[in-house]
Every structure is written in C-alpha cells, then in structure tokens.
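Novice: So that you have it, the file is target24.cif, and it contains mmCIF, N, CA and C atoms:
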data_entry
#
loop_
_atom_site.label_atom_id
_atom_site.label_comp_id
_atom_site.auth_asym_id
_atom_site.auth_seq_id
_atom_site.Cartn_x
_atom_site.Cartn_y
_atom_site.Cartn_z
N MET A 193 13.31 -14.72 50.91
CA MET A 193 11.90 -14.46 51.14
C MET A 193 11.30 -15.64 51.91
N TRP A 194 10.60 -15.35 52.97
CA TRP A 194 10.00 -16.39 53.78
C TRP A 194 8.75 -16.92 53.09
N LEU A 195 8.36 -18.09 53.49
CA LEU A 195 7.21 -18.76 52.87
C LEU A 195 5.92 -17.98 53.10
N ILE A 196 5.76 -17.37 54.26
CA ILE A 196 4.55 -16.61 54.55
C ILE A 196 4.48 -15.36 53.67
N GLU A 197 5.60 -14.72 53.45
CA GLU A 197 5.61 -13.56 52.56
C GLU A 197 5.28 -13.97 51.13
N LEU A 198 5.77 -15.11 50.72
CA LEU A 198 5.46 -15.61 49.38
C LEU A 198 3.98 -15.95 49.27
N TYR A 199 3.40 -16.50 50.33
CA TYR A 199 1.98 -16.84 50.32
C TYR A 199 1.11 -15.59 50.19
N ASP A 200 1.53 -14.49 50.82
CA ASP A 200 0.76 -13.25 50.74
C ASP A 200 0.77 -12.67 49.34
N GLU A 201 1.79 -12.97 48.56
CA GLU A 201 1.88 -12.40 47.22
C GLU A 201 1.16 -13.23 46.16
N VAL A 202 0.77 -14.45 46.47
CA VAL A 202 0.11 -15.32 45.50
C VAL A 202 -1.37 -14.97 45.42
N ASP A 203 -1.84 -14.82 44.21
CA ASP A 203 -3.26 -14.54 43.97
C ASP A 203 -4.07 -15.80 44.27
N LEU A 204 -5.22 -15.63 44.90
CA LEU A 204 -6.05 -16.77 45.29
C LEU A 204 -6.55 -17.54 44.07
N ILE A 205 -6.91 -16.84 43.01
CA ILE A 205 -7.40 -17.50 41.80
C ILE A 205 -6.29 -18.32 41.15
N ALA A 206 -5.09 -17.78 41.13
CA ALA A 206 -3.96 -18.54 40.56
C ALA A 206 -3.67 -19.77 41.41
N TYR A 207 -3.74 -19.63 42.71
CA TYR A 207 -3.52 -20.77 43.60
C TYR A 207 -4.58 -21.85 43.37
N LEU A 208 -5.84 -21.46 43.28
CA LEU A 208 -6.93 -22.43 43.05
C LEU A 208 -6.82 -23.07 41.68
N THR A 209 -6.37 -22.31 40.68
CA THR A 209 -6.21 -22.86 39.34
C THR A 209 -5.11 -23.91 39.31
N VAL A 210 -4.00 -23.62 39.93
CA VAL A 210 -2.91 -24.61 39.99
C VAL A 210 -3.35 -25.83 40.78
N LEU A 211 -4.09 -25.63 41.85
CA LEU A 211 -4.60 -26.75 42.63
C LEU A 211 -5.55 -27.61 41.80
N ALA A 212 -6.41 -26.97 41.02
CA ALA A 212 -7.34 -27.72 40.16
C ALA A 212 -6.57 -28.51 39.10
N ILE A 213 -5.53 -27.92 38.53
CA ILE A 213 -4.73 -28.62 37.52
C ILE A 213 -4.03 -29.83 38.13
N VAL A 214 -3.44 -29.65 39.32
CA VAL A 214 -2.74 -30.76 39.97
C VAL A 214 -3.71 -31.88 40.32
N LEU A 215 -4.88 -31.54 40.85
CA LEU A 215 -5.86 -32.57 41.18
C LEU A 215 -6.39 -33.26 39.92
N GLU A 216 -6.57 -32.51 38.85
CA GLU A 216 -7.03 -33.09 37.58
C GLU A 216 -5.99 -34.09 37.05
N LEU A 217 -4.73 -33.73 37.09
CA LEU A 217 -3.68 -34.64 36.63
C LEU A 217 -3.57 -35.86 37.55
N PHE A 218 -3.74 -35.66 38.83
CA PHE A 218 -3.71 -36.77 39.78
C PHE A 218 -4.83 -37.78 39.47
N PHE A 219 -6.04 -37.28 39.28
CA PHE A 219 -7.15 -38.19 38.98
C PHE A 219 -7.01 -38.81 37.60
N LEU A 220 -6.39 -38.12 36.67
CA LEU A 220 -6.15 -38.71 35.35
C LEU A 220 -5.22 -39.91 35.46
N VAL A 221 -4.15 -39.77 36.21
CA VAL A 221 -3.22 -40.88 36.39
C VAL A 221 -3.90 -42.04 37.11
N ILE A 222 -4.67 -41.74 38.15
CA ILE A 222 -5.37 -42.78 38.90
C ILE A 222 -6.36 -43.51 38.00
N ILE A 223 -7.10 -42.78 37.16
CA ILE A 223 -8.08 -43.41 36.28
C ILE A 223 -7.39 -44.29 35.24
N ILE A 224 -6.29 -43.84 34.69
CA ILE A 224 -5.57 -44.65 33.69
C ILE A 224 -5.06 -45.94 34.32
N ILE A 225 -4.49 -45.85 35.50
CA ILE A 225 -4.02 -47.06 36.18
C ILE A 225 -5.19 -47.96 36.53
N TYR A 226 -6.27 -47.38 37.01
CA TYR A 226 -7.44 -48.14 37.44
C TYR A 226 -8.09 -48.89 36.28
N ILE A 227 -8.25 -48.23 35.14
CA ILE A 227 -8.92 -48.90 34.02
C ILE A 227 -8.02 -49.98 33.44
N ASN A 228 -6.71 -49.81 33.50
CA ASN A 228 -5.82 -50.88 33.03
C ASN A 228 -5.87 -52.09 33.96
N ILE A 229 -5.99 -51.87 35.26
CA ILE A 229 -6.15 -53.00 36.19
C ILE A 229 -7.48 -53.69 35.95
N MET A 230 -8.54 -52.92 35.78
CA MET A 230 -9.85 -53.51 35.51
C MET A 230 -9.86 -54.23 34.16
N HIS A 231 -9.05 -53.74 33.23
CA HIS A 231 -8.96 -54.39 31.92
C HIS A 231 -8.35 -55.79 32.04
N LEU A 232 -7.49 -55.98 33.00
CA LEU A 232 -6.91 -57.30 33.22
C LEU A 232 -7.92 -58.26 33.87
N LEU A 233 -8.90 -57.72 34.60
CA LEU A 233 -9.83 -58.56 35.33
C LEU A 233 -11.14 -58.83 34.59
N LEU A 234 -11.72 -57.82 33.98
CA LEU A 234 -13.07 -57.95 33.45
C LEU A 234 -13.22 -58.68 32.11
N PRO A 235 -12.50 -58.31 31.06
CA PRO A 235 -12.82 -58.89 29.76
C PRO A 235 -12.74 -60.41 29.70
N HIS A 236 -11.87 -61.00 30.48
CA HIS A 236 -11.74 -62.45 30.43
C HIS A 236 -13.01 -63.13 30.92
N LYS A 237 -13.72 -62.50 31.84
CA LYS A 237 -14.93 -63.11 32.38
C LYS A 237 -16.15 -62.84 31.49
N LEU A 238 -16.15 -61.73 30.79
CA LEU A 238 -17.36 -61.34 30.06
C LEU A 238 -17.25 -61.47 28.54
N ASP A 239 -16.06 -61.63 28.01
CA ASP A 239 -15.91 -61.70 26.55
C ASP A 239 -16.66 -62.87 25.94
N SER A 240 -16.61 -64.02 26.58
CA SER A 240 -17.27 -65.19 26.00
C SER A 240 -18.79 -65.02 25.95
N LEU A 241 -19.34 -64.23 26.85
CA LEU A 241 -20.79 -64.02 26.86
C LEU A 241 -21.24 -62.84 26.01
N LEU A 242 -20.49 -61.75 26.05
CA LEU A 242 -20.98 -60.49 25.50
C LEU A 242 -20.27 -60.00 24.25
N PHE A 243 -19.03 -60.35 24.04
CA PHE A 243 -18.26 -59.78 22.93
C PHE A 243 -18.47 -60.63 21.67
N ASN A 244 -19.64 -60.46 21.07
CA ASN A 244 -19.98 -61.19 19.84
C ASN A 244 -20.83 -60.29 18.94
N GLU A 245 -21.23 -60.82 17.80
CA GLU A 245 -21.94 -60.01 16.81
C GLU A 245 -23.36 -59.67 17.21
N ARG A 246 -23.86 -60.26 18.26
CA ARG A 246 -25.22 -59.94 18.70
C ARG A 246 -25.28 -58.51 19.24
N TRP A 247 -24.25 -58.09 19.98
CA TRP A 247 -24.28 -56.77 20.60
C TRP A 247 -23.21 -55.81 20.08
N PHE A 248 -22.27 -56.29 19.32
CA PHE A 248 -21.23 -55.44 18.75
C PHE A 248 -21.21 -55.66 17.24
N SER A 249 -21.03 -54.58 16.49
CA SER A 249 -20.92 -54.70 15.04
C SER A 249 -19.56 -55.30 14.67
N ILE A 250 -19.42 -55.66 13.41
CA ILE A 250 -18.15 -56.24 12.94
C ILE A 250 -17.00 -55.24 13.14
N GLY A 251 -17.26 -53.98 12.84
CA GLY A 251 -16.23 -52.95 13.02
C GLY A 251 -15.85 -52.79 14.48
N GLU A 252 -16.85 -52.82 15.37
CA GLU A 252 -16.56 -52.69 16.79
C GLU A 252 -15.78 -53.90 17.32
N LEU A 253 -16.09 -55.08 16.81
CA LEU A 253 -15.35 -56.26 17.24
C LEU A 253 -13.88 -56.14 16.88
N GLY A 254 -13.59 -55.65 15.70
CA GLY A 254 -12.19 -55.44 15.32
C GLY A 254 -11.56 -54.28 16.06
N PHE A 255 -12.34 -53.22 16.24
CA PHE A 255 -11.83 -52.01 16.87
C PHE A 255 -11.52 -52.23 18.35
N TYR A 256 -12.39 -52.94 19.04
CA TYR A 256 -12.24 -53.14 20.49
C TYR A 256 -11.38 -54.35 20.85
N SER A 257 -10.78 -55.02 19.89
CA SER A 257 -10.02 -56.21 20.24
C SER A 257 -8.53 -55.95 20.42
N THR A 258 -8.03 -54.77 20.10
CA THR A 258 -6.62 -54.46 20.33
C THR A 258 -6.48 -53.52 21.53
N TRP A 259 -5.26 -53.44 22.09
CA TRP A 259 -5.09 -52.85 23.41
C TRP A 259 -5.61 -51.45 23.63
N PRO A 260 -5.18 -50.43 22.96
CA PRO A 260 -5.65 -49.14 23.50
C PRO A 260 -7.16 -48.98 23.39
N MET A 261 -7.74 -49.51 22.33
CA MET A 261 -9.18 -49.36 22.17
C MET A 261 -9.99 -50.39 22.95
N SER A 262 -9.34 -51.46 23.40
CA SER A 262 -10.06 -52.45 24.20
C SER A 262 -10.40 -51.90 25.58
N LEU A 263 -9.79 -50.78 25.94
CA LEU A 263 -10.17 -50.13 27.20
C LEU A 263 -11.60 -49.60 27.12
N PHE A 264 -12.06 -49.24 25.92
CA PHE A 264 -13.46 -48.85 25.74
C PHE A 264 -14.39 -50.02 26.04
N ARG A 265 -14.00 -51.20 25.60
CA ARG A 265 -14.79 -52.40 25.88
C ARG A 265 -14.86 -52.63 27.39
N THR A 266 -13.75 -52.43 28.07
CA THR A 266 -13.75 -52.56 29.52
C THR A 266 -14.68 -51.53 30.15
N GLY A 267 -14.68 -50.32 29.61
CA GLY A 267 -15.60 -49.29 30.10
C GLY A 267 -17.06 -49.67 29.88
N ILE A 268 -17.36 -50.30 28.75
CA ILE A 268 -18.72 -50.76 28.49
C ILE A 268 -19.11 -51.84 29.50
N TYR A 269 -18.20 -52.75 29.78
CA TYR A 269 -18.48 -53.80 30.76
C TYR A 269 -18.67 -53.22 32.16
N MET A 270 -17.86 -52.23 32.53
CA MET A 270 -18.01 -51.62 33.84
C MET A 270 -19.33 -50.86 33.94
N THR A 271 -19.77 -50.27 32.83
CA THR A 271 -21.07 -49.60 32.82
C THR A 271 -22.18 -50.62 32.99
N LEU A 272 -22.04 -51.77 32.35
CA LEU A 272 -23.03 -52.83 32.50
C LEU A 272 -23.11 -53.32 33.94
N LEU A 273 -21.98 -53.47 34.59
CA LEU A 273 -21.98 -53.94 35.97
C LEU A 273 -22.50 -52.88 36.94
N SER A 274 -22.24 -51.61 36.64
CA SER A 274 -22.65 -50.53 37.54
C SER A 274 -24.12 -50.17 37.38
N PHE A 275 -24.57 -50.11 36.15
CA PHE A 275 -25.95 -49.70 35.85
C PHE A 275 -26.60 -50.74 34.93
N PRO A 276 -26.90 -51.93 35.43
CA PRO A 276 -27.36 -53.01 34.54
C PRO A 276 -28.70 -52.72 33.87
N GLY A 277 -29.63 -52.09 34.56
CA GLY A 277 -30.92 -51.82 33.96
C GLY A 277 -30.83 -50.88 32.77
N TYR A 278 -30.04 -49.83 32.91
CA TYR A 278 -29.88 -48.84 31.85
C TYR A 278 -29.16 -49.44 30.64
N VAL A 279 -28.09 -50.16 30.88
CA VAL A 279 -27.27 -50.68 29.78
C VAL A 279 -28.00 -51.82 29.07
N LYS A 280 -28.77 -52.60 29.80
CA LYS A 280 -29.53 -53.67 29.15
C LYS A 280 -30.61 -53.12 28.24
N LYS A 281 -31.11 -51.93 28.53
CA LYS A 281 -32.09 -51.30 27.66
C LYS A 281 -31.43 -50.68 26.43
N ARG A 282 -30.22 -50.18 26.57
CA ARG A 282 -29.56 -49.45 25.49
C ARG A 282 -28.64 -50.33 24.64
N ARG A 283 -27.63 -50.90 25.26
CA ARG A 283 -26.59 -51.59 24.51
C ARG A 283 -26.87 -53.08 24.34
N PHE A 284 -27.23 -53.73 25.41
CA PHE A 284 -27.41 -55.19 25.40
C PHE A 284 -28.91 -55.52 25.46
N LYS A 285 -29.64 -55.12 24.43
CA LYS A 285 -31.07 -55.40 24.38
C LYS A 285 -31.28 -56.90 24.26
N GLY A 286 -32.13 -57.42 25.08
CA GLY A 286 -32.43 -58.84 25.05
C GLY A 286 -31.52 -59.70 25.90
N LEU A 287 -30.67 -59.09 26.70
CA LEU A 287 -29.80 -59.86 27.60
C LEU A 287 -30.63 -60.26 28.81
N GLU A 288 -31.02 -61.52 28.85
CA GLU A 288 -31.87 -62.00 29.93
C GLU A 288 -31.09 -62.72 31.01
N MET A 289 -29.92 -63.27 30.67
CA MET A 289 -29.17 -64.05 31.66
C MET A 289 -28.59 -63.16 32.74
N GLU A 290 -28.49 -63.72 33.90
CA GLU A 290 -27.87 -63.03 35.03
C GLU A 290 -26.37 -63.28 34.97
N LEU A 291 -25.59 -62.22 34.99
CA LEU A 291 -24.13 -62.36 34.92
C LEU A 291 -23.58 -62.86 36.24
N GLN A 292 -22.72 -63.83 36.18
CA GLN A 292 -22.11 -64.40 37.38
C GLN A 292 -20.81 -63.64 37.69
N ILE A 293 -20.96 -62.47 38.26
CA ILE A 293 -19.83 -61.61 38.58
C ILE A 293 -19.79 -61.42 40.09
N ASP A 294 -18.59 -61.47 40.64
CA ASP A 294 -18.42 -61.28 42.08
C ASP A 294 -18.75 -59.84 42.47
N VAL A 295 -19.23 -59.68 43.69
CA VAL A 295 -19.60 -58.36 44.21
C VAL A 295 -18.42 -57.39 44.23
N PRO A 296 -17.19 -57.82 44.58
CA PRO A 296 -16.07 -56.85 44.56
C PRO A 296 -15.83 -56.24 43.18
N LEU A 297 -16.06 -56.99 42.10
CA LEU A 297 -15.90 -56.40 40.76
C LEU A 297 -16.99 -55.39 40.47
N ILE A 298 -18.19 -55.61 40.97
CA ILE A 298 -19.27 -54.64 40.80
C ILE A 298 -18.95 -53.37 41.57
N ILE A 299 -18.46 -53.51 42.78
CA ILE A 299 -18.07 -52.34 43.59
C ILE A 299 -16.91 -51.60 42.92
N ALA A 300 -15.96 -52.34 42.38
CA ALA A 300 -14.82 -51.71 41.70
C ALA A 300 -15.28 -50.96 40.45
N SER A 301 -16.29 -51.49 39.76
CA SER A 301 -16.83 -50.79 38.60
C SER A 301 -17.51 -49.49 39.00
N ARG A 302 -18.19 -49.51 40.12
CA ARG A 302 -18.84 -48.28 40.59
C ARG A 302 -17.82 -47.26 41.09
N ILE A 303 -16.72 -47.73 41.66
CA ILE A 303 -15.65 -46.82 42.08
C ILE A 303 -15.07 -46.09 40.87
N TYR A 304 -15.01 -46.78 39.74
CA TYR A 304 -14.52 -46.15 38.51
C TYR A 304 -15.36 -44.93 38.15
N PHE A 305 -16.68 -45.04 38.31
CA PHE A 305 -17.53 -43.90 37.98
C PHE A 305 -17.42 -42.79 39.00
N VAL A 306 -17.13 -43.11 40.25
CA VAL A 306 -16.88 -42.08 41.25
C VAL A 306 -15.59 -41.33 40.91
N LEU A 307 -14.55 -42.06 40.50
CA LEU A 307 -13.31 -41.41 40.09
C LEU A 307 -13.54 -40.50 38.89
N ASN A 308 -14.34 -40.95 37.94
CA ASN A 308 -14.65 -40.10 36.79
C ASN A 308 -15.45 -38.87 37.19
N ALA A 309 -16.32 -39.00 38.17
CA ALA A 309 -17.08 -37.84 38.64
C ALA A 309 -16.15 -36.79 39.25
N PHE A 310 -15.16 -37.23 40.04
CA PHE A 310 -14.19 -36.29 40.58
C PHE A 310 -13.34 -35.67 39.47
N PHE A 311 -12.99 -36.47 38.47
CA PHE A 311 -12.22 -35.96 37.34
C PHE A 311 -13.00 -34.86 36.62
N ILE A 312 -14.27 -35.09 36.39
CA ILE A 312 -15.11 -34.09 35.73
C ILE A 312 -15.29 -32.86 36.62
N LEU A 313 -15.45 -33.07 37.91
CA LEU A 313 -15.62 -31.95 38.84
C LEU A 313 -14.41 -31.03 38.84
N PHE A 314 -13.22 -31.60 38.93
CA PHE A 314 -12.02 -30.75 38.93
C PHE A 314 -11.76 -30.15 37.55
N GLY A 315 -12.15 -30.84 36.50
CA GLY A 315 -12.04 -30.26 35.16
C GLY A 315 -12.95 -29.06 35.00
N LEU A 316 -14.18 -29.18 35.48
CA LEU A 316 -15.11 -28.04 35.41
C LEU A 316 -14.65 -26.88 36.30
N SER A 317 -14.09 -27.20 37.46
CA SER A 317 -13.60 -26.11 38.31
C SER A 317 -12.43 -25.39 37.65
N PHE A 318 -11.58 -26.14 36.94
CA PHE A 318 -10.49 -25.51 36.22
C PHE A 318 -11.03 -24.58 35.12
N VAL A 319 -12.04 -25.02 34.40
CA VAL A 319 -12.64 -24.20 33.35
C VAL A 319 -13.29 -22.96 33.94
N LEU A 320 -14.03 -23.14 35.03
CA LEU A 320 -14.70 -21.99 35.64
C LEU A 320 -13.70 -20.98 36.21
N LEU A 321 -12.62 -21.47 36.80
CA LEU A 321 -11.59 -20.55 37.29
C LEU A 321 -10.92 -19.82 36.14
N GLY A 322 -10.72 -20.50 35.03
CA GLY A 322 -10.15 -19.85 33.86
C GLY A 322 -11.08 -18.78 33.30
N LEU A 323 -12.37 -19.09 33.22
CA LEU A 323 -13.33 -18.10 32.75
C LEU A 323 -13.41 -16.91 33.70
N TYR A 324 -13.37 -17.19 35.00
CA TYR A 324 -13.40 -16.10 35.97
C TYR A 324 -12.18 -15.19 35.81
N SER A 325 -11.02 -15.78 35.61
CA SER A 325 -9.82 -14.95 35.47
C SER A 325 -9.85 -14.13 34.18
N ILE A 326 -10.42 -14.68 33.11
CA ILE A 326 -10.56 -13.92 31.87
C ILE A 326 -11.54 -12.77 32.04
N ILE A 327 -12.67 -13.05 32.67
CA ILE A 327 -13.66 -11.99 32.90
C ILE A 327 -13.09 -10.92 33.83
N GLU A 328 -12.35 -11.32 34.84
CA GLU A 328 -11.74 -10.36 35.76
C GLU A 328 -10.73 -9.48 35.04
N THR A 329 -9.97 -10.06 34.12
CA THR A 329 -8.98 -9.31 33.37
C THR A 329 -9.63 -8.32 32.43
N TRP A 330 -10.71 -8.70 31.78
CA TRP A 330 -11.35 -7.83 30.80
C TRP A 330 -12.16 -6.71 31.44
N PHE A 331 -12.83 -6.98 32.52
CA PHE A 331 -13.80 -6.01 33.03
C PHE A 331 -13.41 -5.32 34.32
N PHE A 332 -12.36 -5.77 35.01
CA PHE A 332 -12.05 -5.15 36.29
C PHE A 332 -10.67 -4.61 36.33
#
Show the structure stored in the file as structure tokens.

Specialist:
Amino acid sequence: MWLIELYDEVDLIAYLTVLAIVLELFFLVIIIIYINIMHLLLPHKLDSLLFNERWFSIGELGFYSTWPMSLFRTGIYMTLLSFPGYVKKRRFKGLEMELQIDVPLIIASRIYFVLNAFFILFGLSFVLLGLYSIIETWFF
C-alpha cells in the first residue's frame, strides 16, 4: 500500500488526536528538562533571601528541600521573577528589596510559562478532540 493511499484512509480526527498527543508528550519532556536546568540555576541565588520561615511554613521548608518537590520551589521562584508584582502581593508579602537577578534568568523564567501555555493548549486540544469523537460516535 502506498503512503498516499494510506493517508486517504486515515480519519482526520484520529490524525489530529495523535498529533495532539505527540505534541503534548514533546512539550512535557521539554518542560521537565527545562525545569531541572532552571532548578540548577535559580535556588542557589534565591534560597538565602527567600527560603525561610518568613514566607514558607515549617512544613513547606521540609517539603520543598528535597529533590522532586524542590522543583515546586523553583516554580515559585520563576513565578516571582516573571510576575513580581503579583507574587509579591500573594506569596512574598512585605518583600521590599530588589532582587539582584540577571536579565537572562528573568527571560528564561518567562519562557517557562510560554512552554506551559503550549502544554495546556495541546492538552485542551486533545480533550476537545476526544469529546468531539465521542459526540460523533454517539449522535452521528
């Protein structure tokens, strides 16, 4: 069977669903690698200033100090660098000092949120394609 004949037999919804799954897995791998790289860069610069009992509870200090859960701490720091006004109102109330962070780390933190937006977009497209295929099966 030639490739063109095979293409004619594939349903468009099935093709889009598989494409959404592949893109979702691709962005998942990229995000996991990205947050681990950022984890090597960020906490060392910000832990001495921010990771204390003023902004984290005793349980959070213990919870966020070991590896898999310390990625959440890195996510909190990236949120602080990306959206400082919002996070200073919510999480770090009373943080008046200006953080001495290089601009490339701030840009890298914002790239993380762009990657998450694509991850959410492809996840929602996968869900919508699944719902469409269920509705098509039941009613048509």

Novice: On this structure, which residues satisfy the PyMOL selection byres (((chain A and resi 289-300 and name CA) around 9) and name CA), written as a list in words?

Specialist: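 Taken on the displayed file, the PyMOL selection byres (((chain A and resi 289-300 and name CA) around 9) and name CA) yields the residues Met230, Leu233, Leu234, Lys237, Leu238, Leu241, Met270, Leu273, Ser274, Leu287, Glu288, Ser301, Arg302, Ile303 and Tyr304 of chain A.
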
Novice: Per DSSP on the backbone, what are the alpha helix (DSSP H) residues of chain A, as a VMD selection string?

Specialist: chain A and resid 195 to 201 204 to 242 250 to 255 259 to 274 276 to 282 295 to 331

Novice: So the first atom is atom CA of A:Lys280 and the second is atom CA of A:Leu242; what is the distance between them in Å, to one decimal place?

Specialist: 11.5 Å

Novice: Between atom C of A:Phe284 and atom CA of A:Glu245, what is the spacing in Å?

Specialist: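 Here the two named atoms are 12.0 Å from each other.
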
Novice: Nearest to A:Ile312 among A:Ala206, A:Trp247, A:Glu216, A:Ser325, with distances taken over all atoms listed in the file: which residue is it?

Specialist: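 Between A:Ala206, A:Trp247, A:Glu216, A:Ser325, the residue approaching A:Ile312 most closely is A:Glu216.
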
Novice: Quick one, how far is atom N of A:Phe318 from atom CA of A:Phe218?

Specialist: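 These atoms are spaced 13.5 Å apart.
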
Novice: With distances taken over only C-alpha atoms, which residue among A:Phe243, A:Tyr324, A:Phe248, A:Phe314 lies nearest A:Leu217?

Specialist: A:Phe314

Novice: Please identify all polymer residues within 12 Å of A:Phe219, counting only C-alpha atoms, omitting same-chain residues fewer than 3 positions from it, and present them as a CSV table (one decimal) with N, CA and C atoms, in the coordinates of the input.

Specialist:
chain,number,residue,atom,x,y,z
A,212,ALA,N,-6.4,-27.0,41.0
A,212,ALA,CA,-7.3,-27.7,40.2
A,212,ALA,C,-6.6,-28.5,39.1
A,213,ILE,N,-5.5,-27.9,38.5
A,213,ILE,CA,-4.7,-28.6,37.5
A,213,ILE,C,-4.0,-29.8,38.1
A,214,VAL,N,-3.4,-29.6,39.3
A,214,VAL,CA,-2.7,-30.8,40.0
A,214,VAL,C,-3.7,-31.9,40.3
A,215,LEU,N,-4.9,-31.5,40.8
A,215,LEU,CA,-5.9,-32.6,41.2
A,215,LEU,C,-6.4,-33.3,39.9
A,216,GLU,N,-6.6,-32.5,38.8
A,216,GLU,CA,-7.0,-33.1,37.6
A,216,GLU,C,-6.0,-34.1,37.0
A,222,ILE,N,-4.7,-41.7,38.2
A,222,ILE,CA,-5.4,-42.8,38.9
A,222,ILE,C,-6.4,-43.5,38.0
A,223,ILE,N,-7.1,-42.8,37.2
A,223,ILE,CA,-8.1,-43.4,36.3
A,223,ILE,C,-7.4,-44.3,35.2
A,224,ILE,N,-6.3,-43.8,34.7
A,224,ILE,CA,-5.6,-44.6,33.7
A,224,ILE,C,-5.1,-45.9,34.3
A,225,ILE,N,-4.5,-45.8,35.5
A,225,ILE,CA,-4.0,-47.1,36.2
A,225,ILE,C,-5.2,-48.0,36.5
A,226,TYR,N,-6.3,-47.4,37.0
A,226,TYR,CA,-7.4,-48.1,37.4
A,226,TYR,C,-8.1,-48.9,36.3
A,227,ILE,N,-8.2,-48.2,35.1
A,227,ILE,CA,-8.9,-48.9,34.0
A,227,ILE,C,-8.0,-50.0,33.4
A,304,TYR,N,-15.0,-46.8,39.7
A,304,TYR,CA,-14.5,-46.2,38.5
A,304,TYR,C,-15.4,-44.9,38.2
A,305,PHE,N,-16.7,-45.0,38.3
A,305,PHE,CA,-17.5,-43.9,38.0
A,305,PHE,C,-17.4,-42.8,39.0
A,306,VAL,N,-17.1,-43.1,40.2
A,306,VAL,CA,-16.9,-42.1,41.2
A,306,VAL,C,-15.6,-41.3,40.9
A,307,LEU,N,-14.6,-42.1,40.5
A,307,LEU,CA,-13.3,-41.4,40.1
A,307,LEU,C,-13.5,-40.5,38.9
A,308,ASN,N,-14.3,-41.0,37.9
A,308,ASN,CA,-14.6,-40.1,36.8
A,308,ASN,C,-15.4,-38.9,37.2
A,309,ALA,N,-16.3,-39.0,38.2
A,309,ALA,CA,-17.1,-37.8,38.6
A,309,ALA,C,-16.2,-36.8,39.2
A,310,PHE,N,-15.2,-37.2,40.0
A,310,PHE,CA,-14.2,-36.3,40.6
A,310,PHE,C,-13.3,-35.7,39.5
A,311,PHE,N,-13.0,-36.5,38.5
A,311,PHE,CA,-12.2,-36.0,37.3
A,311,PHE,C,-13.0,-34.9,36.6
A,312,ILE,N,-14.3,-35.1,36.4
A,312,ILE,CA,-15.1,-34.1,35.7
A,312,ILE,C,-15.3,-32.9,36.6
A,313,LEU,N,-15.4,-33.1,37.9
A,313,LEU,CA,-15.6,-32.0,38.8
A,313,LEU,C,-14.4,-31.0,38.8
A,314,PHE,N,-13.2,-31.6,38.9
A,314,PHE,CA,-12.0,-30.8,38.9
A,314,PHE,C,-11.8,-30.2,37.6
A,315,GLY,N,-12.2,-30.8,36.5
A,315,GLY,CA,-12.0,-30.3,35.2
A,315,GLY,C,-13.0,-29.1,35.0

Novice: Give the answer as one residue: which of A:Leu272, A:Arg246, A:Ser262, A:His236 has the shortest atom-to-atom distance to A:Lys285, using all atoms listed in the file?

Specialist: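 Looking only at the distances to A:Lys285, the closest residue turns out to be A:Arg246.
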
Novice: Smallest atom-to-atom distance to A:Leu321: which of A:Met261, A:Leu220, A:Leu211, A:Val279, using only C-alpha atoms?

Specialist: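 Closest to A:Leu321 of all the choices is A:Leu211.
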
Novice: Report, as lines of an AutoDock Vina configuration file, the centre and edge lengths in Å (one decimal) of the axis-aligned box enclosing every listed atom of stretch 309-324 of chain A, padded by 5 Å on each side.

Specialist:
center_x = -13.6
center_y = -27.1
center_z = 36.7
size_x = 16.9
size_y = 33.8
size_z = 17.8
